[in-house]
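Engineer: Take a look at data_39.pdb, PDB, N, CA and C atoms and all ligand atoms:
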```pdb
ATOM      1  N   MET B   1      47.617 162.581 -17.451  1.00  0.00           N
ATOM      2  CA  MET B   1      46.877 162.266 -18.661  1.00  0.00           C
ATOM      3  C   MET B   1      47.855 162.195 -19.823  1.00  0.00           C
ATOM      4  N   ASP B   2      47.624 161.218 -20.703  1.00  0.00           N
ATOM      5  CA  ASP B   2      48.483 161.176 -21.882  1.00  0.00           C
ATOM      6  C   ASP B   2      47.936 162.125 -22.954  1.00  0.00           C
ATOM      7  N   THR B   3      48.705 162.313 -24.003  1.00  0.00           N
ATOM      8  CA  THR B   3      48.367 163.289 -25.038  1.00  0.00           C
ATOM      9  C   THR B   3      47.002 163.015 -25.664  1.00  0.00           C
ATOM     10  N   ARG B   4      46.690 161.749 -25.911  1.00  0.00           N
ATOM     11  CA  ARG B   4      45.402 161.402 -26.519  1.00  0.00           C
ATOM     12  C   ARG B   4      44.234 161.782 -25.595  1.00  0.00           C
ATOM     13  N   GLN B   5      44.372 161.517 -24.292  1.00  0.00           N
ATOM     14  CA  GLN B   5      43.325 161.885 -23.344  1.00  0.00           C
ATOM     15  C   GLN B   5      43.147 163.402 -23.303  1.00  0.00           C
ATOM     16  N   ILE B   6      44.259 164.107 -23.313  1.00  0.00           N
ATOM     17  CA  ILE B   6      44.189 165.575 -23.278  1.00  0.00           C
ATOM     18  C   ILE B   6      43.463 166.098 -24.510  1.00  0.00           C
ATOM     19  N   GLN B   7      43.784 165.552 -25.674  1.00  0.00           N
ATOM     20  CA  GLN B   7      43.124 166.004 -26.899  1.00  0.00           C
ATOM     21  C   GLN B   7      41.618 165.729 -26.860  1.00  0.00           C
ATOM     22  N   LYS B   8      41.221 164.574 -26.309  1.00  0.00           N
ATOM     23  CA  LYS B   8      39.787 164.253 -26.199  1.00  0.00           C
ATOM     24  C   LYS B   8      39.083 165.252 -25.281  1.00  0.00           C
ATOM     25  N   VAL B   9      39.714 165.565 -24.164  1.00  0.00           N
ATOM     26  CA  VAL B   9      39.113 166.517 -23.221  1.00  0.00           C
ATOM     27  C   VAL B   9      38.996 167.897 -23.864  1.00  0.00           C
ATOM     28  N   LEU B  10      40.060 168.338 -24.540  1.00  0.00           N
ATOM     29  CA  LEU B  10      40.019 169.653 -25.185  1.00  0.00           C
ATOM     30  C   LEU B  10      38.948 169.708 -26.266  1.00  0.00           C
ATOM     31  N   GLN B  11      38.770 168.583 -26.973  1.00  0.00           N
ATOM     32  CA  GLN B  11      37.727 168.505 -28.002  1.00  0.00           C
ATOM     33  C   GLN B  11      36.336 168.620 -27.366  1.00  0.00           C
ATOM     34  N   LYS B  12      36.134 167.913 -26.264  1.00  0.00           N
ATOM     35  CA  LYS B  12      34.829 167.984 -25.572  1.00  0.00           C
ATOM     36  C   LYS B  12      34.561 169.389 -25.057  1.00  0.00           C
ATOM     37  N   ILE B  13      35.587 170.028 -24.518  1.00  0.00           N
ATOM     38  CA  ILE B  13      35.444 171.405 -24.037  1.00  0.00           C
ATOM     39  C   ILE B  13      35.025 172.301 -25.193  1.00  0.00           C
ATOM     40  N   SER B  14      35.687 172.157 -26.326  1.00  0.00           N
ATOM     41  CA  SER B  14      35.397 172.987 -27.491  1.00  0.00           C
ATOM     42  C   SER B  14      33.986 172.731 -28.017  1.00  0.00           C
ATOM     43  N   LEU B  15      33.592 171.463 -28.108  1.00  0.00           N
ATOM     44  CA  LEU B  15      32.256 171.121 -28.608  1.00  0.00           C
ATOM     45  C   LEU B  15      31.146 171.701 -27.736  1.00  0.00           C
ATOM     46  N   LYS B  16      31.428 171.844 -26.462  1.00  0.00           N
ATOM     47  CA  LYS B  16      30.440 172.416 -25.545  1.00  0.00           C
ATOM     48  C   LYS B  16      30.457 173.943 -25.567  1.00  0.00           C
ATOM     49  N   GLY B  17      31.376 174.515 -26.333  1.00  0.00           N
ATOM     50  CA  GLY B  17      31.489 175.971 -26.364  1.00  0.00           C
ATOM     51  C   GLY B  17      32.112 176.535 -25.103  1.00  0.00           C
ATOM     52  N   GLU B  18      32.826 175.693 -24.406  1.00  0.00           N
ATOM     53  CA  GLU B  18      33.466 176.131 -23.177  1.00  0.00           C
ATOM     54  C   GLU B  18      34.950 176.396 -23.441  1.00  0.00           C
ATOM     55  N   ALA B  19      35.648 176.845 -22.429  1.00  0.00           N
ATOM     56  CA  ALA B  19      37.070 177.151 -22.571  1.00  0.00           C
ATOM     57  C   ALA B  19      37.853 176.535 -21.420  1.00  0.00           C
ATOM     58  N   LEU B  20      39.072 176.191 -21.715  1.00  0.00           N
ATOM     59  CA  LEU B  20      39.964 175.696 -20.676  1.00  0.00           C
ATOM     60  C   LEU B  20      40.390 176.896 -19.835  1.00  0.00           C
ATOM     61  N   VAL B  21      40.067 176.872 -18.562  1.00  0.00           N
ATOM     62  CA  VAL B  21      40.436 178.009 -17.706  1.00  0.00           C
ATOM     63  C   VAL B  21      41.471 177.626 -16.666  1.00  0.00           C
ATOM     64  N   GLY B  22      41.590 176.327 -16.365  1.00  0.00           N
ATOM     65  CA  GLY B  22      42.540 175.943 -15.338  1.00  0.00           C
ATOM     66  C   GLY B  22      42.914 174.484 -15.414  1.00  0.00           C
ATOM     67  N   ILE B  23      44.099 174.210 -14.916  1.00  0.00           N
ATOM     68  CA  ILE B  23      44.618 172.843 -14.860  1.00  0.00           C
ATOM     69  C   ILE B  23      45.115 172.624 -13.442  1.00  0.00           C
ATOM     70  N   TYR B  24      44.671 171.527 -12.845  1.00  0.00           N
ATOM     71  CA  TYR B  24      44.974 171.261 -11.447  1.00  0.00           C
ATOM     72  C   TYR B  24      45.835 170.014 -11.314  1.00  0.00           C
ATOM     73  N   HIS B  25      46.767 170.042 -10.385  1.00  0.00           N
ATOM     74  CA  HIS B  25      47.431 168.816  -9.961  1.00  0.00           C
ATOM     75  C   HIS B  25      47.916 169.002  -8.530  1.00  0.00           C
ATOM     76  N   SER B  26      48.354 167.920  -7.925  1.00  0.00           N
ATOM     77  CA  SER B  26      48.789 168.003  -6.527  1.00  0.00           C
ATOM     78  C   SER B  26      50.260 167.643  -6.391  1.00  0.00           C
ATOM     79  N   HIS B  27      50.833 168.142  -5.316  1.00  0.00           N
ATOM     80  CA  HIS B  27      52.189 167.793  -4.901  1.00  0.00           C
ATOM     81  C   HIS B  27      52.054 167.149  -3.520  1.00  0.00           C
ATOM     82  N   PRO B  28      52.000 165.825  -3.461  1.00  0.00           N
ATOM     83  CA  PRO B  28      51.786 165.162  -2.165  1.00  0.00           C
ATOM     84  C   PRO B  28      52.892 165.429  -1.151  1.00  0.00           C
ATOM     85  N   THR B  29      54.114 165.594  -1.609  1.00  0.00           N
ATOM     86  CA  THR B  29      55.222 165.742  -0.649  1.00  0.00           C
ATOM     87  C   THR B  29      56.077 166.985  -0.887  1.00  0.00           C
ATOM     88  N   ALA B  30      55.632 167.854  -1.775  1.00  0.00           N
ATOM     89  CA  ALA B  30      56.420 169.054  -2.100  1.00  0.00           C
ATOM     90  C   ALA B  30      55.550 170.293  -1.942  1.00  0.00           C
ATOM     91  N   PRO B  31      56.173 171.446  -1.792  1.00  0.00           N
ATOM     92  CA  PRO B  31      55.399 172.686  -1.686  1.00  0.00           C
ATOM     93  C   PRO B  31      54.674 173.001  -2.999  1.00  0.00           C
ATOM     94  N   PRO B  32      53.694 173.900  -2.940  1.00  0.00           N
ATOM     95  CA  PRO B  32      52.879 174.206  -4.133  1.00  0.00           C
ATOM     96  C   PRO B  32      53.570 175.188  -5.082  1.00  0.00           C
ATOM     97  N   ILE B  33      54.734 174.818  -5.494  1.00  0.00           N
ATOM     98  CA  ILE B  33      55.537 175.643  -6.400  1.00  0.00           C
ATOM     99  C   ILE B  33      55.763 174.831  -7.668  1.00  0.00           C
ATOM    100  N   PRO B  34      55.570 175.426  -8.845  1.00  0.00           N
ATOM    101  CA  PRO B  34      55.762 174.659 -10.074  1.00  0.00           C
ATOM    102  C   PRO B  34      57.175 174.068 -10.159  1.00  0.00           C
ATOM    103  N   SER B  35      57.232 172.795 -10.454  1.00  0.00           N
ATOM    104  CA  SER B  35      58.523 172.137 -10.628  1.00  0.00           C
ATOM    105  C   SER B  35      59.085 172.483 -12.011  1.00  0.00           C
ATOM    106  N   THR B  36      60.309 172.105 -12.231  1.00  0.00           N
ATOM    107  CA  THR B  36      60.920 172.300 -13.545  1.00  0.00           C
ATOM    108  C   THR B  36      60.091 171.590 -14.616  1.00  0.00           C
ATOM    109  N   ALA B  37      59.617 170.381 -14.300  1.00  0.00           N
ATOM    110  CA  ALA B  37      58.784 169.635 -15.262  1.00  0.00           C
ATOM    111  C   ALA B  37      57.441 170.331 -15.469  1.00  0.00           C
ATOM    112  N   ASP B  38      56.839 170.839 -14.375  1.00  0.00           N
ATOM    113  CA  ASP B  38      55.557 171.566 -14.524  1.00  0.00           C
ATOM    114  C   ASP B  38      55.717 172.705 -15.522  1.00  0.00           C
ATOM    115  N   ILE B  39      56.794 173.429 -15.408  1.00  0.00           N
ATOM    116  CA  ILE B  39      57.029 174.583 -16.286  1.00  0.00           C
ATOM    117  C   ILE B  39      57.360 174.127 -17.705  1.00  0.00           C
ATOM    118  N   ALA B  40      58.164 173.093 -17.808  1.00  0.00           N
ATOM    119  CA  ALA B  40      58.554 172.601 -19.139  1.00  0.00           C
ATOM    120  C   ALA B  40      57.354 172.097 -19.942  1.00  0.00           C
ATOM    121  N   TYR B  41      56.369 171.499 -19.248  1.00  0.00           N
ATOM    122  CA  TYR B  41      55.217 170.913 -19.943  1.00  0.00           C
ATOM    123  C   TYR B  41      53.959 171.775 -19.832  1.00  0.00           C
ATOM    124  N   ALA B  42      54.123 173.040 -19.522  1.00  0.00           N
ATOM    125  CA  ALA B  42      52.979 173.961 -19.431  1.00  0.00           C
ATOM    126  C   ALA B  42      52.665 174.489 -20.827  1.00  0.00           C
ATOM    127  N   TYR B  43      51.857 173.747 -21.549  1.00  0.00           N
ATOM    128  CA  TYR B  43      51.568 174.068 -22.945  1.00  0.00           C
ATOM    129  C   TYR B  43      50.346 174.964 -23.139  1.00  0.00           C
ATOM    130  N   TYR B  44      49.699 175.378 -22.051  1.00  0.00           N
ATOM    131  CA  TYR B  44      48.451 176.132 -22.173  1.00  0.00           C
ATOM    132  C   TYR B  44      48.584 177.476 -21.451  1.00  0.00           C
ATOM    133  N   PRO B  45      49.181 178.467 -22.110  1.00  0.00           N
ATOM    134  CA  PRO B  45      49.432 179.749 -21.434  1.00  0.00           C
ATOM    135  C   PRO B  45      48.153 180.473 -21.018  1.00  0.00           C
ATOM    136  N   GLU B  46      47.015 180.122 -21.635  1.00  0.00           N
ATOM    137  CA  GLU B  46      45.756 180.768 -21.281  1.00  0.00           C
ATOM    138  C   GLU B  46      45.168 180.205 -19.981  1.00  0.00           C
ATOM    139  N   ALA B  47      45.685 179.073 -19.541  1.00  0.00           N
ATOM    140  CA  ALA B  47      45.125 178.403 -18.365  1.00  0.00           C
ATOM    141  C   ALA B  47      45.838 178.820 -17.082  1.00  0.00           C
ATOM    142  N   ALA B  48      45.076 178.820 -16.012  1.00  0.00           N
ATOM    143  CA  ALA B  48      45.658 178.980 -14.686  1.00  0.00           C
ATOM    144  C   ALA B  48      46.108 177.591 -14.220  1.00  0.00           C
ATOM    145  N   TYR B  49      47.268 177.519 -13.645  1.00  0.00           N
ATOM    146  CA  TYR B  49      47.792 176.249 -13.137  1.00  0.00           C
ATOM    147  C   TYR B  49      47.660 176.248 -11.622  1.00  0.00           C
ATOM    148  N   LEU B  50      46.801 175.362 -11.125  1.00  0.00           N
ATOM    149  CA  LEU B  50      46.568 175.263  -9.687  1.00  0.00           C
ATOM    150  C   LEU B  50      47.345 174.071  -9.143  1.00  0.00           C
ATOM    151  N   ILE B  51      48.076 174.304  -8.060  1.00  0.00           N
ATOM    152  CA  ILE B  51      48.851 173.233  -7.443  1.00  0.00           C
ATOM    153  C   ILE B  51      48.451 173.141  -5.974  1.00  0.00           C
ATOM    154  N   LEU B  52      47.994 171.956  -5.585  1.00  0.00           N
ATOM    155  CA  LEU B  52      47.634 171.699  -4.197  1.00  0.00           C
ATOM    156  C   LEU B  52      48.766 170.919  -3.552  1.00  0.00           C
ATOM    157  N   SER B  53      49.298 171.463  -2.472  1.00  0.00           N
ATOM    158  CA  SER B  53      50.346 170.770  -1.739  1.00  0.00           C
ATOM    159  C   SER B  53      49.765 170.140  -0.483  1.00  0.00           C
ATOM    160  N   LEU B  54      50.171 168.908  -0.249  1.00  0.00           N
ATOM    161  CA  LEU B  54      49.763 168.182   0.962  1.00  0.00           C
ATOM    162  C   LEU B  54      50.991 167.883   1.813  1.00  0.00           C
ATOM    163  N   SER B  55      52.036 168.673   1.631  1.00  0.00           N
ATOM    164  CA  SER B  55      53.308 168.375   2.296  1.00  0.00           C
ATOM    165  C   SER B  55      53.366 168.819   3.743  1.00  0.00           C
ATOM    166  N   SER B  56      52.398 169.609   4.178  1.00  0.00           N
ATOM    167  CA  SER B  56      52.388 170.020   5.591  1.00  0.00           C
ATOM    168  C   SER B  56      51.045 169.652   6.210  1.00  0.00           C
ATOM    169  N   ASN B  57      50.852 170.012   7.447  1.00  0.00           N
ATOM    170  CA  ASN B  57      49.604 169.655   8.142  1.00  0.00           C
ATOM    171  C   ASN B  57      48.383 170.282   7.486  1.00  0.00           C
ATOM    172  N   GLN B  58      48.571 171.466   6.935  1.00  0.00           N
ATOM    173  CA  GLN B  58      47.475 172.202   6.314  1.00  0.00           C
ATOM    174  C   GLN B  58      47.645 172.181   4.795  1.00  0.00           C
ATOM    175  N   PRO B  59      46.660 171.673   4.033  1.00  0.00           N
ATOM    176  CA  PRO B  59      46.775 171.719   2.575  1.00  0.00           C
ATOM    177  C   PRO B  59      46.951 173.168   2.105  1.00  0.00           C
ATOM    178  N   GLU B  60      47.745 173.350   1.073  1.00  0.00           N
ATOM    179  CA  GLU B  60      47.984 174.699   0.560  1.00  0.00           C
ATOM    180  C   GLU B  60      47.765 174.702  -0.950  1.00  0.00           C
ATOM    181  N   LEU B  61      46.959 175.642  -1.420  1.00  0.00           N
ATOM    182  CA  LEU B  61      46.645 175.749  -2.846  1.00  0.00           C
ATOM    183  C   LEU B  61      47.244 177.046  -3.384  1.00  0.00           C
ATOM    184  N   CYS B  62      47.977 176.945  -4.473  1.00  0.00           N
ATOM    185  CA  CYS B  62      48.535 178.127  -5.127  1.00  0.00           C
ATOM    186  C   CYS B  62      48.173 178.085  -6.608  1.00  0.00           C
ATOM    187  N   CYS B  63      48.171 179.256  -7.205  1.00  0.00           N
ATOM    188  CA  CYS B  63      47.752 179.387  -8.596  1.00  0.00           C
ATOM    189  C   CYS B  63      48.802 180.189  -9.367  1.00  0.00           C
ATOM    190  N   TYR B  64      49.072 179.746 -10.568  1.00  0.00           N
ATOM    191  CA  TYR B  64      50.116 180.378 -11.393  1.00  0.00           C
ATOM    192  C   TYR B  64      49.644 180.523 -12.830  1.00  0.00           C
ATOM    193  N   ARG B  65      50.239 181.472 -13.497  1.00  0.00           N
ATOM    194  CA  ARG B  65      50.173 181.575 -14.962  1.00  0.00           C
ATOM    195  C   ARG B  65      51.590 181.228 -15.405  1.00  0.00           C
ATOM    196  N   ILE B  66      51.727 180.337 -16.358  1.00  0.00           N
ATOM    197  CA  ILE B  66      53.059 179.937 -16.817  1.00  0.00           C
ATOM    198  C   ILE B  66      53.198 180.385 -18.270  1.00  0.00           C
ATOM    199  N   LEU B  67      54.073 181.343 -18.457  1.00  0.00           N
ATOM    200  CA  LEU B  67      54.306 181.939 -19.778  1.00  0.00           C
ATOM    201  C   LEU B  67      55.794 181.967 -20.049  1.00  0.00           C
ATOM    202  N   GLY B  68      56.174 181.586 -21.255  1.00  0.00           N
ATOM    203  CA  GLY B  68      57.571 181.690 -21.640  1.00  0.00           C
ATOM    204  C   GLY B  68      58.511 180.984 -20.682  1.00  0.00           C
ATOM    205  N   LYS B  69      58.068 179.861 -20.182  1.00  0.00           N
ATOM    206  CA  LYS B  69      58.873 179.039 -19.268  1.00  0.00           C
ATOM    207  C   LYS B  69      59.156 179.741 -17.937  1.00  0.00           C
ATOM    208  N   GLN B  70      58.256 180.689 -17.589  1.00  0.00           N
ATOM    209  CA  GLN B  70      58.339 181.324 -16.275  1.00  0.00           C
ATOM    210  C   GLN B  70      56.972 181.232 -15.614  1.00  0.00           C
ATOM    211  N   ALA B  71      56.966 181.027 -14.302  1.00  0.00           N
ATOM    212  CA  ALA B  71      55.714 180.944 -13.540  1.00  0.00           C
ATOM    213  C   ALA B  71      55.497 182.240 -12.784  1.00  0.00           C
ATOM    214  N   PHE B  72      54.269 182.757 -12.885  1.00  0.00           N
ATOM    215  CA  PHE B  72      53.888 183.986 -12.197  1.00  0.00           C
ATOM    216  C   PHE B  72      52.713 183.657 -11.274  1.00  0.00           C
ATOM    217  N   VAL B  73      52.803 184.107 -10.031  1.00  0.00           N
ATOM    218  CA  VAL B  73      51.726 183.860  -9.074  1.00  0.00           C
ATOM    219  C   VAL B  73      50.474 184.590  -9.551  1.00  0.00           C
ATOM    220  N   LEU B  74      49.348 183.878  -9.531  1.00  0.00           N
ATOM    221  CA  LEU B  74      48.052 184.463  -9.875  1.00  0.00           C
ATOM    222  C   LEU B  74      47.237 184.549  -8.591  1.00  0.00           C
ATOM    223  N   PRO B  75      46.854 185.746  -8.197  1.00  0.00           N
ATOM    224  CA  PRO B  75      46.004 185.851  -7.014  1.00  0.00           C
ATOM    225  C   PRO B  75      44.649 185.176  -7.293  1.00  0.00           C
ATOM    226  N   PHE B  76      44.079 184.547  -6.301  1.00  0.00           N
ATOM    227  CA  PHE B  76      42.761 183.945  -6.459  1.00  0.00           C
ATOM    228  C   PHE B  76      42.072 183.914  -5.100  1.00  0.00           C
ATOM    229  N   GLN B  77      40.781 183.659  -5.155  1.00  0.00           N
ATOM    230  CA  GLN B  77      40.003 183.605  -3.923  1.00  0.00           C
ATOM    231  C   GLN B  77      39.041 182.435  -4.019  1.00  0.00           C
ATOM    232  N   LEU B  78      38.992 181.604  -2.994  1.00  0.00           N
ATOM    233  CA  LEU B  78      38.028 180.516  -2.945  1.00  0.00           C
ATOM    234  C   LEU B  78      36.728 181.072  -2.400  1.00  0.00           C
ATOM    235  N   ILE B  79      35.634 180.787  -3.113  1.00  0.00           N
ATOM    236  CA  ILE B  79      34.335 181.287  -2.636  1.00  0.00           C
ATOM    237  C   ILE B  79      33.374 180.150  -2.469  1.00  0.00           C
TER     238      ILE B  79
HETATM  239 ZN    ZN T 101      53.768 169.942 -10.081  1.00  0.00          ZN
END
```
For the structure just supplied, provide its representation as C-alpha cells.
Structural biologist:
Amino acid sequence: MDTRQIQKVLQKISLKGEALVGIYHSHPTAPPIPSTADIAYAYYPEAAYLILSLSSNQPELCCYRILGKQAFVLPFQLI
C-alpha cells in the first residue's frame, strides 16, 4: 500500500472508533522472519506484525512487535 492508501485506511479505522492491532504480509519464498526492510518501515509500534511464509510445504505464520528497529517474537494462538 502506498502512503495515501495507508492514511485513508487509518482514517477509516479511527472514524469507526477502532484501533490498528495488526499488519499482515506474506513472504512467498522466504521464512517468516522480518526482513531488514520490514523493520526499517515498521512505523506502527502498537501493531502486531504478522508474517505468513509459504516457502515450505507447510505455511508458517509468525507474529512480531517491532520497536526501536528491533523485532520481538509475539506469542499468539489461532482460534
Ligand atoms: Zn516481510
Engineer: Could you please extract the residues within 6 Å of ligand ZN 101 (chain T), counting only N, CA and C atoms and all ligand atoms, and hand them back as a list of chain:residue names?
Structural biologist: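 Sorted by chain and then by number, the residues are B:Ser26, B:His27, B:Ile33, B:Pro34, B:Ser35, B:Asp38.
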Engineer: Is it possible to get the residues within 6 Å of (44.4, 174.9, -17.1) (coordinates as in the file, counting all atoms listed in the file) written as a ChimeraX atom specification?
Structural biologist: /B:20-24,47-49
Engineer: On this file, the PyMOL selection byres (((chain B and resi 51) around 5) and not hetatm) gives some set of residues; write that set as a PyMOL selection string.
Structural biologist: chain B and resi 25+32+49-50+52-53+61-62
Engineer: For each of B:Ala30, B:Leu54, B:Leu67, B:Leu78, take the minimum atom-to-atom distance to B:Ala42, counting only N, CA and C atoms, then give the residue where this is smallest.
Structural biologist: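 Result for the nearest residue to B:Ala42: B:Leu67.
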Engineer: List as a list in words the protein and nucleic acid residues near B:Ala71, meaning an atom at most 8 Å away when all atoms listed in the file are counted, but skip any in the same chain fewer than 5 places from it.
Structural biologist: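 Listed by chain and then number, they are Pro34, Ile39, Cys63, Tyr64, Arg65 and Ile66 of chain B.
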Engineer: One decimal, Å: what's the distance from atom C of B:Pro31 over to atom N of B:Met1, could you say?
Structural biologist: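 Separation of atom C of B:Pro31 and atom N of B:Met1: 19.2 Å.
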Engineer: From a DSSP calculation on the backbone, collect every residue of stretch 1-76 of chain B in alpha helix (DSSP H) and output the set as JSON, numbers by chain.
Structural biologist: {"B": [3, 4, 5, 6, 7, 8, 9, 10, 11, 12, 13, 14, 15, 36, 37, 38, 39, 40]}
Engineer: If DSSP is run on the backbone, what residues of chain B are strand (DSSP E or B)? A reply as a list in words would be ideal.
Structural biologist: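 Reading the DSSP output for chain B, strand (DSSP E or B) covers Gly22, Ile23, Tyr24, His25, Ser26, His27, Ala48, Tyr49, Leu50, Ile51, Leu52, Ser53, Glu60, Leu61, Cys62, Cys63, Tyr64, Arg65, Ile66, Leu67, Gln70, Ala71, Phe72 and Val73 of chain B.
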Engineer: With distances taken over only N, CA and C atoms, which residue among B:Glu60, B:Pro28, B:Gly68, B:Val73 lies nearest B:Pro45?
Structural biologist: B:Gly68
